[in-house]
Structure formats: structure tokens, C-alpha cells
$ cat coords_16.cif   # mmCIF, C-alpha atoms
data_model
#
loop_
_atom_site.label_atom_id
_atom_site.label_comp_id
_atom_site.auth_asym_id
_atom_site.auth_seq_id
_atom_site.Cartn_x
_atom_site.Cartn_y
_atom_site.Cartn_z
CA MET A 1 -8.09 3.40 -34.90
CA GLY A 2 -9.67 1.65 -31.92
CA VAL A 3 -8.95 -1.86 -30.76
CA GLN A 4 -12.51 -2.86 -31.57
CA ILE A 5 -11.36 -3.15 -35.20
CA LEU A 6 -9.60 -6.48 -35.08
CA SER A 7 -7.77 -6.84 -38.36
CA LYS A 8 -4.33 -8.02 -39.34
CA GLU A 9 -3.43 -4.44 -40.25
CA ILE A 10 -3.85 -3.23 -36.69
CA TYR A 11 -1.02 -5.52 -35.57
CA SER A 12 1.22 -4.96 -38.57
CA ARG A 13 4.81 -3.80 -38.20
CA GLU A 14 3.81 -0.49 -39.73
CA TYR A 15 1.05 0.06 -37.19
CA VAL A 16 3.37 -0.79 -34.29
CA GLU A 17 5.99 1.64 -35.60
CA GLU A 18 3.31 4.29 -35.98
CA ILE A 19 2.52 4.00 -32.26
CA ARG A 20 6.21 4.12 -31.36
CA ASN A 21 6.72 7.21 -33.49
CA ARG A 22 3.79 8.94 -31.79
CA ILE A 23 5.21 8.59 -28.27
CA ARG A 24 8.94 8.90 -29.00
CA PRO A 25 9.02 12.73 -29.10
CA ILE A 26 7.80 12.88 -25.48
CA VAL A 27 10.22 10.13 -24.45
CA GLU A 28 13.22 11.78 -26.11
CA ASN A 29 12.42 15.45 -25.42
CA VAL A 30 10.86 15.27 -21.95
CA ILE A 31 11.39 11.96 -20.13
CA LYS A 32 14.97 11.17 -21.12
CA PRO A 33 16.40 14.58 -20.12
CA ASN A 34 14.74 14.26 -16.68
CA ALA A 35 15.95 10.74 -15.91
CA GLU A 36 19.21 11.56 -14.14
CA LYS A 37 17.64 14.25 -11.93
CA ILE A 38 14.72 11.97 -11.02
CA ASP A 39 17.16 9.31 -9.86
CA LYS A 40 19.58 11.56 -7.98
CA GLU A 41 16.91 13.58 -6.20
CA ALA A 42 14.32 10.78 -5.86
CA LYS A 43 12.02 13.25 -7.59
CA PHE A 44 8.53 12.08 -8.50
CA PRO A 45 8.22 12.30 -12.33
CA ARG A 46 5.06 14.41 -12.34
CA ASP A 47 6.28 16.60 -15.20
CA ASN A 48 6.78 13.49 -17.33
CA LEU A 49 3.31 12.20 -16.49
CA ILE A 50 1.70 15.56 -17.29
CA ALA A 51 3.43 15.62 -20.68
CA LEU A 52 2.16 12.10 -21.39
CA ALA A 53 -1.33 13.03 -20.19
CA LYS A 54 -1.66 16.00 -22.52
CA GLU A 55 -1.08 13.74 -25.51
CA GLY A 56 -3.50 11.11 -24.21
CA TRP A 57 -0.96 8.43 -23.27
CA ASN A 58 -2.14 8.24 -19.67
CA SER A 59 -5.53 7.24 -21.10
CA VAL A 60 -4.07 4.92 -23.72
CA THR A 61 -6.51 2.01 -23.18
CA ILE A 62 -9.57 4.19 -22.56
CA SER A 63 -12.17 5.00 -25.19
CA GLU A 64 -12.35 8.41 -26.80
CA LYS A 65 -15.65 9.02 -24.95
CA TRP A 66 -13.67 9.30 -21.71
CA GLY A 67 -10.75 11.19 -23.21
CA GLY A 68 -8.60 8.24 -24.22
CA LEU A 69 -6.64 7.08 -27.25
CA ASP A 70 -8.34 3.67 -27.44
CA LEU A 71 -5.09 1.94 -28.43
CA GLY A 72 -5.67 -1.05 -26.20
CA TYR A 73 -3.12 -3.26 -24.50
CA LEU A 74 -0.97 -3.15 -27.63
CA GLY A 75 -0.63 0.63 -27.44
CA PHE A 76 -0.01 0.44 -23.71
CA ALA A 77 2.68 -2.22 -24.03
CA ILE A 78 4.54 -0.19 -26.64
CA ALA A 79 4.27 3.01 -24.61
CA ALA A 80 5.52 1.35 -21.41
CA GLU A 81 8.43 -0.18 -23.35
CA GLU A 82 9.46 3.12 -24.93
CA ILE A 83 9.36 4.91 -21.57
CA GLY A 84 11.29 2.07 -19.91
CA LYS A 85 14.12 2.51 -22.39
CA VAL A 86 15.04 5.84 -20.81
CA ASP A 87 13.64 5.88 -17.26
CA ALA A 88 12.41 2.97 -15.18
CA SER A 89 10.93 5.22 -12.48
CA THR A 90 8.61 6.95 -14.92
CA ALA A 91 7.77 3.63 -16.58
CA LEU A 92 6.75 2.11 -13.23
CA VAL A 93 4.59 5.10 -12.26
CA TYR A 94 3.06 5.05 -15.73
CA THR A 95 2.31 1.32 -15.59
CA MET A 96 0.58 1.58 -12.21
CA HIS A 97 -1.41 4.59 -13.31
CA VAL A 98 -2.66 3.05 -16.55
CA GLY A 99 -3.46 -0.16 -14.66
CA ALA A 100 -5.61 1.66 -12.11
CA ALA A 101 -7.35 3.65 -14.83
CA GLN A 102 -8.05 0.50 -16.84
CA ALA A 103 -9.61 -1.21 -13.80
CA ILE A 104 -12.04 1.70 -13.52
CA ASN A 105 -12.55 1.57 -17.27
CA LEU A 106 -13.54 -2.10 -17.08
CA PHE A 107 -15.49 -2.19 -13.80
CA GLY A 108 -16.52 1.39 -13.07
CA ASN A 109 -19.88 2.96 -13.83
CA ASP A 110 -20.34 6.01 -16.03
CA GLU A 111 -20.42 8.39 -13.08
CA GLN A 112 -17.06 7.06 -11.84
CA LYS A 113 -15.59 7.29 -15.31
CA GLU A 114 -16.77 10.88 -15.61
CA ARG A 115 -15.10 11.82 -12.31
CA TRP A 116 -11.93 9.74 -12.43
CA LEU A 117 -11.13 8.99 -16.09
CA LYS A 118 -11.89 12.20 -17.92
CA PRO A 119 -9.59 14.34 -15.72
CA ILE A 120 -6.67 12.03 -16.50
CA ARG A 121 -6.21 13.98 -19.72
CA ASN A 122 -5.45 17.02 -17.56
CA GLY A 123 -2.87 15.20 -15.44
CA LEU A 124 -4.83 13.26 -12.82
CA ILE A 125 -2.66 10.34 -11.63
CA GLY A 126 -3.88 7.07 -10.15
CA THR A 127 -2.23 3.91 -8.81
CA PHE A 128 -2.79 0.55 -7.13
CA SER A 129 -2.53 0.15 -3.35
CA ILE A 130 -2.76 -3.57 -2.68
CA SER A 131 0.22 -5.31 -1.02
CA GLU A 132 0.44 -5.68 2.77
CA LYS A 133 3.62 -6.36 4.73
CA ALA A 134 2.09 -9.13 6.82
CA THR A 135 1.32 -11.27 3.76
CA ARG A 136 4.57 -10.39 1.95
CA GLY A 137 4.62 -11.29 -1.74
CA HIS A 138 1.13 -12.80 -1.64
CA VAL A 139 -0.38 -9.48 -2.67
CA TRP A 140 -3.83 -10.91 -3.35
CA TYR A 141 -4.18 -11.73 0.36
CA SER A 142 -5.46 -8.76 2.40
CA LEU A 143 -5.64 -8.74 6.19
CA SER A 144 -7.16 -5.26 6.20
CA GLN A 145 -10.95 -5.08 6.13
CA ALA A 146 -13.20 -2.17 5.26
CA GLU A 147 -15.90 -1.16 7.74
CA ARG A 148 -19.31 0.32 7.17
CA GLN A 149 -20.32 3.83 8.15
CA GLY A 150 -23.94 4.15 7.10
CA GLU A 151 -23.89 3.73 3.33
CA ASP A 152 -20.22 4.66 3.16
CA TYR A 153 -17.00 2.85 4.14
CA ILE A 154 -14.09 3.37 6.50
CA ILE A 155 -10.68 1.99 5.57
CA ASN A 156 -7.89 1.26 8.02
CA ALA A 157 -4.97 -0.40 6.28
CA GLU A 158 -1.21 -0.41 6.02
CA LYS A 159 0.01 -1.13 2.53
CA SER A 160 3.65 -2.08 2.10
CA PHE A 161 4.45 -0.91 -1.44
CA THR A 162 2.32 1.68 -3.20
CA THR A 163 3.86 3.31 -6.27
CA SER A 164 3.16 7.07 -6.38
CA GLY A 165 2.51 6.94 -2.63
CA GLY A 166 1.71 10.43 -1.35
CA GLN A 167 1.68 11.69 -4.95
CA ALA A 168 -1.32 10.01 -6.60
CA ASP A 169 -4.65 11.76 -7.03
CA PHE A 170 -6.48 8.50 -6.46
CA TYR A 171 -5.63 5.06 -5.09
CA LEU A 172 -7.29 1.80 -6.06
CA VAL A 173 -7.30 0.09 -2.65
CA GLN A 174 -7.96 -3.59 -2.05
CA THR A 175 -9.33 -4.82 1.31
CA ARG A 176 -11.56 -7.58 2.58
CA THR A 177 -15.23 -6.89 2.14
CA PRO A 178 -16.95 -5.51 5.27
CA ASP A 179 -18.49 -8.07 7.65
CA THR A 180 -17.15 -11.13 5.83
CA GLU A 181 -15.17 -13.91 7.49
CA ASP A 182 -14.08 -15.28 4.11
CA VAL A 183 -10.47 -14.21 3.52
CA SER A 184 -10.98 -14.47 -0.24
CA ASP A 185 -13.96 -12.06 -0.20
CA LEU A 186 -12.32 -8.86 -1.44
CA SER A 187 -13.48 -5.45 -2.60
CA PHE A 188 -11.84 -2.50 -4.33
CA PHE A 189 -12.34 1.16 -3.49
CA ILE A 190 -11.37 4.31 -5.35
CA VAL A 191 -9.80 6.48 -2.65
CA ASP A 192 -9.34 10.20 -3.24
CA GLY A 193 -5.68 11.08 -2.68
CA LYS A 194 -6.72 14.23 -0.80
CA SER A 195 -8.70 12.28 1.80
CA GLU A 196 -7.83 12.83 5.45
CA GLY A 197 -5.97 9.97 7.10
CA ILE A 198 -3.58 9.04 4.27
CA THR A 199 0.10 9.01 5.25
CA ALA A 200 2.86 7.96 2.86
CA LYS A 201 6.31 7.18 4.24
CA PRO A 202 9.47 8.37 2.47
CA TRP A 203 10.79 6.13 -0.28
CA LYS A 204 14.50 5.39 -0.03
CA ALA A 205 15.51 2.56 -2.31
CA LEU A 206 18.26 0.99 -4.36
CA GLY A 207 16.56 1.76 -7.65
CA VAL A 208 13.46 3.30 -9.28
CA ARG A 209 13.99 6.13 -6.81
CA GLY A 210 11.50 8.46 -8.47
CA SER A 211 8.61 6.01 -8.21
CA HIS A 212 7.81 6.74 -4.53
CA SER A 213 6.79 3.11 -4.02
CA GLY A 214 6.96 3.05 -0.24
CA PRO A 215 4.56 2.14 2.57
CA ILE A 216 1.29 4.02 2.94
CA ARG A 217 -1.22 4.08 5.77
CA TYR A 218 -4.97 4.64 5.58
CA GLU A 219 -6.25 5.67 9.02
CA ASN A 220 -10.02 6.01 9.32
CA VAL A 221 -10.23 7.07 5.69
CA ARG A 222 -13.83 7.61 4.63
CA VAL A 223 -14.81 6.38 1.17
CA PRO A 224 -18.26 7.31 -0.13
CA LYS A 225 -20.43 4.50 -1.45
CA ARG A 226 -20.19 5.91 -4.95
CA ASP A 227 -16.47 5.02 -4.98
CA LEU A 228 -16.90 1.30 -4.37
CA LEU A 229 -15.58 -0.21 -7.61
CA GLY A 230 -18.15 -2.54 -9.14
CA LYS A 231 -19.81 -4.08 -6.12
CA GLU A 232 -18.86 -5.66 -2.81
CA GLY A 233 -17.07 -9.00 -3.12
CA LEU A 234 -16.00 -8.40 -6.72
CA GLY A 235 -12.34 -8.23 -5.78
CA LYS A 236 -11.24 -11.58 -7.18
CA GLU A 237 -12.79 -10.81 -10.56
CA ILE A 238 -11.32 -7.31 -10.62
CA THR A 239 -7.92 -8.82 -9.87
CA SER A 240 -8.04 -11.59 -12.49
CA GLU A 241 -9.68 -9.54 -15.24
CA GLY A 242 -8.72 -5.98 -14.40
CA THR A 243 -5.64 -5.29 -12.31
CA ASP A 244 -3.36 -8.28 -12.93
CA PRO A 245 -3.46 -8.48 -16.75
CA ILE A 246 -2.86 -4.79 -17.42
CA TYR A 247 -0.27 -4.44 -14.66
CA ILE A 248 1.78 -7.47 -15.69
CA VAL A 249 1.71 -6.59 -19.39
CA GLY A 250 2.84 -3.06 -18.54
CA LEU A 251 5.50 -4.01 -16.02
CA ALA A 252 7.05 -6.65 -18.27
CA SER A 253 6.98 -4.27 -21.24
CA ALA A 254 8.60 -1.52 -19.19
CA TRP A 255 11.42 -3.83 -18.11
CA LEU A 256 11.80 -5.05 -21.68
CA GLY A 257 12.44 -1.38 -22.38
CA VAL A 258 14.95 -1.21 -19.52
CA ALA A 259 16.83 -4.12 -21.13
CA GLN A 260 16.97 -2.21 -24.41
CA GLY A 261 18.16 0.92 -22.62
CA ALA A 262 21.00 -1.06 -21.06
CA LEU A 263 21.93 -2.60 -24.40
CA LYS A 264 21.96 0.79 -26.12
CA ALA A 265 24.19 2.27 -23.43
CA ALA A 266 26.60 -0.65 -23.79
CA ILE A 267 26.61 -0.45 -27.59
CA ASP A 268 27.29 3.30 -27.55
CA HIS A 269 30.13 2.77 -25.08
CA ALA A 270 31.63 -0.07 -27.13
CA LYS A 271 31.52 1.95 -30.35
CA ASN A 272 32.99 5.11 -28.87
CA THR A 273 35.57 3.83 -26.39
CA GLU A 274 39.05 3.17 -27.71
CA ASN A 275 41.90 1.12 -26.28
CA LYS A 276 44.62 3.41 -27.59
CA GLY A 277 47.39 1.02 -26.62
CA PHE A 278 46.17 -1.38 -29.32
CA ASN A 279 44.36 1.19 -31.49
CA LYS A 280 41.09 -0.72 -31.12
CA ARG A 281 37.61 0.15 -29.99
CA LEU A 282 35.85 -2.05 -27.47
CA ALA A 283 33.59 -3.04 -30.35
CA ASP A 284 36.57 -4.68 -32.05
CA TYR A 285 36.84 -7.37 -29.36
CA GLN A 286 34.98 -10.59 -30.06
CA ILE A 287 34.02 -11.22 -26.44
CA ILE A 288 32.31 -7.82 -26.25
CA ARG A 289 30.37 -8.47 -29.46
CA SER A 290 29.36 -11.91 -28.25
CA ARG A 291 28.00 -10.63 -24.93
CA LEU A 292 26.03 -7.86 -26.61
CA ALA A 293 24.66 -10.34 -29.12
CA GLU A 294 23.34 -12.54 -26.29
CA VAL A 295 21.27 -9.64 -25.02
CA GLN A 296 20.04 -8.63 -28.47
CA ILE A 297 18.87 -12.14 -29.33
CA GLN A 298 16.82 -12.39 -26.15
CA ILE A 299 15.32 -8.93 -26.68
CA SER A 300 14.22 -9.84 -30.20
CA ALA A 301 12.50 -12.97 -28.95
CA LEU A 302 10.67 -11.16 -26.15
CA LYS A 303 9.54 -8.29 -28.38
CA ALA A 304 7.72 -10.74 -30.63
CA TRP A 305 6.13 -12.40 -27.58
CA GLN A 306 5.15 -9.05 -26.10
CA LEU A 307 3.24 -7.92 -29.18
CA ASP A 308 1.49 -11.26 -29.57
CA LEU A 309 0.46 -11.28 -25.91
CA ALA A 310 -0.88 -7.73 -26.12
CA ARG A 311 -2.81 -8.68 -29.25
CA GLN A 312 -4.39 -11.63 -27.45
CA HIS A 313 -5.56 -9.35 -24.63
CA ASP A 314 -7.16 -6.96 -27.09
CA GLU A 315 -8.88 -9.75 -28.98
CA LEU A 316 -10.31 -11.33 -25.82
CA LEU A 317 -11.62 -7.97 -24.62
CA ALA A 318 -13.19 -7.27 -28.00
CA LYS A 319 -14.97 -10.64 -27.87
CA GLY A 320 -16.06 -10.12 -24.26
CA GLU A 321 -14.06 -13.16 -23.14
CA SER A 322 -12.02 -13.68 -19.97
CA LEU A 323 -8.46 -12.39 -19.73
CA ALA A 324 -7.76 -14.97 -17.03
CA ALA A 325 -7.02 -17.44 -19.83
CA LEU A 326 -3.72 -15.59 -20.31
CA SER A 327 -2.70 -15.50 -16.65
CA ARG A 328 0.00 -18.17 -16.87
CA GLU A 329 1.52 -16.72 -20.01
CA ASN A 330 1.47 -13.23 -18.46
CA ILE A 331 3.39 -14.50 -15.45
CA GLU A 332 5.92 -16.28 -17.67
CA PHE A 333 6.44 -13.11 -19.70
CA LYS A 334 6.99 -11.07 -16.54
CA VAL A 335 9.68 -13.47 -15.32
CA GLN A 336 11.48 -13.48 -18.66
CA ALA A 337 11.35 -9.71 -19.18
CA THR A 338 12.52 -8.72 -15.70
CA GLU A 339 15.34 -11.24 -15.69
CA LEU A 340 16.40 -10.13 -19.15
CA ALA A 341 16.60 -6.54 -17.90
CA ASP A 342 18.79 -7.69 -15.02
CA PHE A 343 21.00 -9.67 -17.41
CA ALA A 344 21.27 -6.79 -19.88
CA ALA A 345 22.28 -4.38 -17.11
CA ARG A 346 24.97 -6.80 -15.90
CA VAL A 347 26.35 -7.18 -19.42
CA ALA A 348 26.38 -3.39 -19.79
CA MET A 349 28.41 -3.17 -16.56
CA GLU A 350 30.85 -5.75 -17.93
CA VAL A 351 31.29 -3.78 -21.15
CA ALA A 352 31.82 -0.54 -19.24
CA GLY A 353 34.33 -2.18 -16.89
CA GLY A 354 35.40 -0.06 -13.95
CA TYR A 355 33.64 2.98 -15.40
CA GLY A 356 30.35 1.19 -14.94
CA TYR A 357 30.71 1.48 -11.17
CA VAL A 358 31.01 5.24 -11.29
CA GLU A 359 27.79 7.14 -10.67
CA GLY A 360 26.07 7.48 -14.02
CA ILE A 361 23.95 5.68 -16.57
CA PHE A 362 25.43 2.18 -16.10
CA GLU A 363 25.08 2.02 -12.33
CA ARG A 364 21.61 3.60 -12.53
CA LEU A 365 20.46 1.03 -15.05
CA TYR A 366 21.98 -1.73 -12.91
CA ARG A 367 20.00 -0.58 -9.87
CA ASP A 368 16.76 0.02 -11.75
CA ALA A 369 16.88 -3.24 -13.66
CA ARG A 370 16.98 -5.31 -10.49
CA ALA A 371 13.72 -3.80 -9.23
CA GLY A 372 11.51 -5.78 -11.57
CA ILE A 373 12.40 -9.19 -10.12
CA PRO A 374 10.81 -8.81 -6.65
CA MET A 375 7.77 -6.93 -7.96
CA ALA A 376 4.56 -8.88 -7.62
CA PRO A 377 4.37 -11.63 -8.43
CA SER A 378 8.00 -11.96 -7.38
CA ASN A 379 9.82 -14.29 -9.73
CA HIS A 380 10.08 -17.01 -7.07
CA ILE A 381 6.33 -16.92 -6.44
CA ALA A 382 5.68 -16.65 -10.18
CA ARG A 383 7.65 -19.81 -10.90
CA ASP A 384 5.79 -21.67 -8.19
CA GLN A 385 2.46 -20.56 -9.64
CA VAL A 386 3.45 -21.65 -13.15
CA GLY A 387 4.63 -24.98 -11.77
CA LYS A 388 1.34 -25.57 -9.99
CA ILE A 389 -0.66 -24.64 -13.09
CA ILE A 390 1.19 -27.02 -15.41
CA LEU A 391 0.93 -29.82 -12.83
CA ASP A 392 -2.80 -29.23 -12.37
CA LEU A 393 -2.29 -28.40 -8.69
CA PRO A 394 -4.44 -25.84 -6.82
CA LEU A 395 -2.86 -22.41 -6.39
CA GLU A 396 -4.07 -22.26 -2.77
CA LEU A 397 -4.09 -18.48 -2.77
CA TRP A 398 -5.94 -18.14 0.54
CA GLY A 399 -4.94 -21.37 2.28
CA GLU A 400 -5.13 -25.09 1.64
CA GLU A 401 -7.80 -26.11 -0.84
CA LYS A 402 -9.72 -29.26 0.00
#

$ encode --input "coords_16.cif" --output "C-alpha cells"
Amino acid sequence: MGVQILSKEIYSREYVEEIRNRIRPIVENVIKPNAEKIDKEAKFPRDNLIALAKEGWNSVTISEKWGGLDLGYLGFAIAAEEIGKVDASTALVYTMHVGAAQAINLFGNDEQKERWLKPIRNGLIGTFSISEKATRGHVWYSLSQAERQGEDYIINAEKSFTTSGGQADFYLVQTRTPDTEDVSDLSFFIVDGKSEGITAKPWKALGVRGSHSGPIRYENVRVPKRDLLGKEGLGKEITSEGTDPIYIVGLASAWLGVAQGALKAAIDHAKNTENKGFNKRLADYQIIRSRLAEVQIQISALKAWQLDLARQHDELLAKGESLAALSRENIEFKVQATELADFAARVAMEVAGGYGYVEGIFERLYRDARAGIPMAPSNHIARDQVGKIILDLPLELWGEEK
């Protein structure tokens, strides 16, 4: 059933559970067993992504014509959440991949879709490559600028955080448009991951160690004209309608899953750990139950919000209306979901006590959960943006607005 059929049934509890049940076998049988190894060895989760690709999940928002499942933002949100429950690294790689694919789906031409979207079903992996160290968390602001070489382009850029760096088959790279002096004049390019001049630095991090989200350099990388996404100067529209909505919905959903993974680990520990001196389980202590309940209540609230927000994205797309109308709510959801994951992981550590500090599921969840907070827009920047929006102040993304 495609998202073009906008009926109450498509968003029913039964339909949502049907989607969950479709992806859970891969999550439980493939992704979950790999999670510990991915973290310990900082191993890129390619096997997980290939398993997802074969069943169409890497093309979840794409129409059947291009090899997709056509389950929309709702299907994507559920998939990212389910993956996040067991492995944040895979969930992050998955989110970035689906986001890049969706940008091509929305703004690419048929020839680009034929070359870049159809092979996704066979394991082709894409990602965003946007942020630059010099502009820090203001990821929409690029100092790099593409150059012309005949009809083609040359890219020289240093990107600070690129998930799947050195691993992706294609990168969706943002730079300033060639020849412009306007810092807000941006363009996006689909860059073949096998192109000469791409160097990814090793990724050594506190958490999401399998995501390979480190710096990447593009040195005299040639991009053929046919891989300009949309047209020159379309960058702001691609960002507001293409990259930001899908990325934020996916990231927040993934970290909502991380929160649930932390809660499940804590619940299992509380049920199965006994204080033999008093012949009680941890679950028999009121303070433990109260802390777990705090997490559960917040998860329940966010799950309802998540599904409603995904539904709104699908409805706007079906009507051909702008997704930018949801930008503030998307940012708010991202802040809530990532901070809930952090809170849930801290509560899980409290429940586990000293055992939580030993290498294992609790300390891994604690490290992974924290990663969502600084991801763009970092929660500090996100709050400032929400504050400006509700006060009718200009966002001033590229400098003071007069």
C-alpha cells in the first residue's frame, strides 16, 4: 500500500504493527546479533545494510518503479525506530542513507534515479556530506565552493562529520554554487564514492562507533554535470524540503528506539537480578519501578507524536505541499527524542548500579545515547531556532538579516 492512498486505515494501529512485524525479523536475526561486534571493533555495519536492502528497507520511501517499498515517512520512522532499539550505529547509517536517497527521489531526474536509486536494492549505500568544521554546528553554511570544469564541476571541500565516510557508494555533497558571491547560494552534487580525491579519516569516538562519521576530504574531485542534483542554486530548497525533514524524522525516530532499547535492558535486569540478602528482585523496589515508569511515560508520549508527525509529512507530500511547514515541530521532536534517549540510558545505568559501568550493553547504550544531542541541529542551536521562530525573529542563517 503506497502513501498516495491517504486514508485513516493507513495510519491505524494495525497498519503500524504490520510495518513493525515486517522489519523485526531482520532487526532480531541480523542487526541485534552484530551490535556488540560493531561497537567493539568500530566495524561498519555493511552486512546489516545489505540485509535491509534485500528486503527493500533501504528504499523504504521510494516508489516501486525505482525498487522501493513506497511506505513513506511513516514506514521510515518505524524502521529507524526498530533498528535504533538494538544498534544506534546501524540506525544512524540507515537514517543518513535513506535521507540521501529520498533527496534524489524528490529532486533527481529519471536518469539519476535509474543510476542511483535502483541499485540500492542490491546494497548501494548513500549518505549526506554537508557539515564543515569552520562553521561548526551551522551545517547549512558552506565555505567550500564548487568550480567549473567545462560542463562539469570540481569539488574541493573538507567536511567535518560524514556518516559512512569512506564506506558509502555515493555522497550527497553540499557546497556553494560556482561563481556566486552569495553565501546562501548553495548546490548539491551526487558524488560517486569511487571518485579519485576522496579521503576519509579514521573514526574514533565515544559512541556510534560503527557509523564511521568522521572527517572527509574532497580534493579536486570531478563531478559530471549529470550528477548535479536538481539545478544550480537549488540548495536551500533541497535542504528545507529534502534533506532536513527526512533526516530529522529518521534521527529522532532512531533515538526514540535507543531510549526503548535502554528501557528494555533496564527492565530485563530489574526482573532477573535478585538481592539475595533480602530475597527480593530489583523490580520489587519502589524507587526502581518509579524511575522506569518515568522513562516509559515519556516514550509513550513521543511515540504518538512520532507517528502523527510522520503522517503529516506523508500527507503534505501527497498534496504537493511544502514540508517546511513542519520544520519547527521537527526540530522540537529531535530535541525531545535525543534527550529522552540520554535520560533513558542514565536511568538504565542507575538500575544496573556498578554493573552498568562494566563493558557491556549498559555502557554501550550510555555512550550511544549521548550521540544524538550534538547531531545537527545540536540541541542548543535547535532551541535557539525554536525560540526565534516563536518570537517571530529572523533565523539569520547566513548573517544578519536587514

$ resolve_selection --input "coords_16.cif" --expression "the PyMOL selection byres ((chain A and resi 112) around 12)" --output "JSON, numbers by chain"
{"A": [66, 101, 103, 104, 105, 106, 107, 108, 109, 110, 111, 113, 114, 115, 116, 117, 118, 119, 170, 189, 190, 191, 192, 224, 225, 226, 227, 228, 229, 230]}

$ residues_around --input "coords_16.cif" --residues "Tyr285 in chain A" --least-positions-apart "5" --cutoff "10 Å" --atoms "all atoms listed in the file" --output "JSON, numbers by chain"
{"A": [270, 280, 290]}

$ closest_residue --input "coords_16.cif" --among "A:Val183, A:Leu256, A:Val386, A:Met96" --to "Ala304 in chain A" --atoms "all atoms listed in the file"
A:Leu256

$ atom_distance --input "coords_16.cif" --atom1 "CA of Ala310 in chain A" --atom2 "CA of Gly72 in chain A"
8.2 Å

$ residues_around --input "coords_16.cif" --residues "range 365-380 of chain A" --least-positions-apart "3" --cutoff "10 Å" --atoms "all atoms listed in the file" --output "MDAnalysis selection string"
chainID A and resid 39 84:89 92 131 136:140 161 205:209 244 247:248 251:252 254:259 261:262 265 331:332 334:349 356:357 360:362 383:385
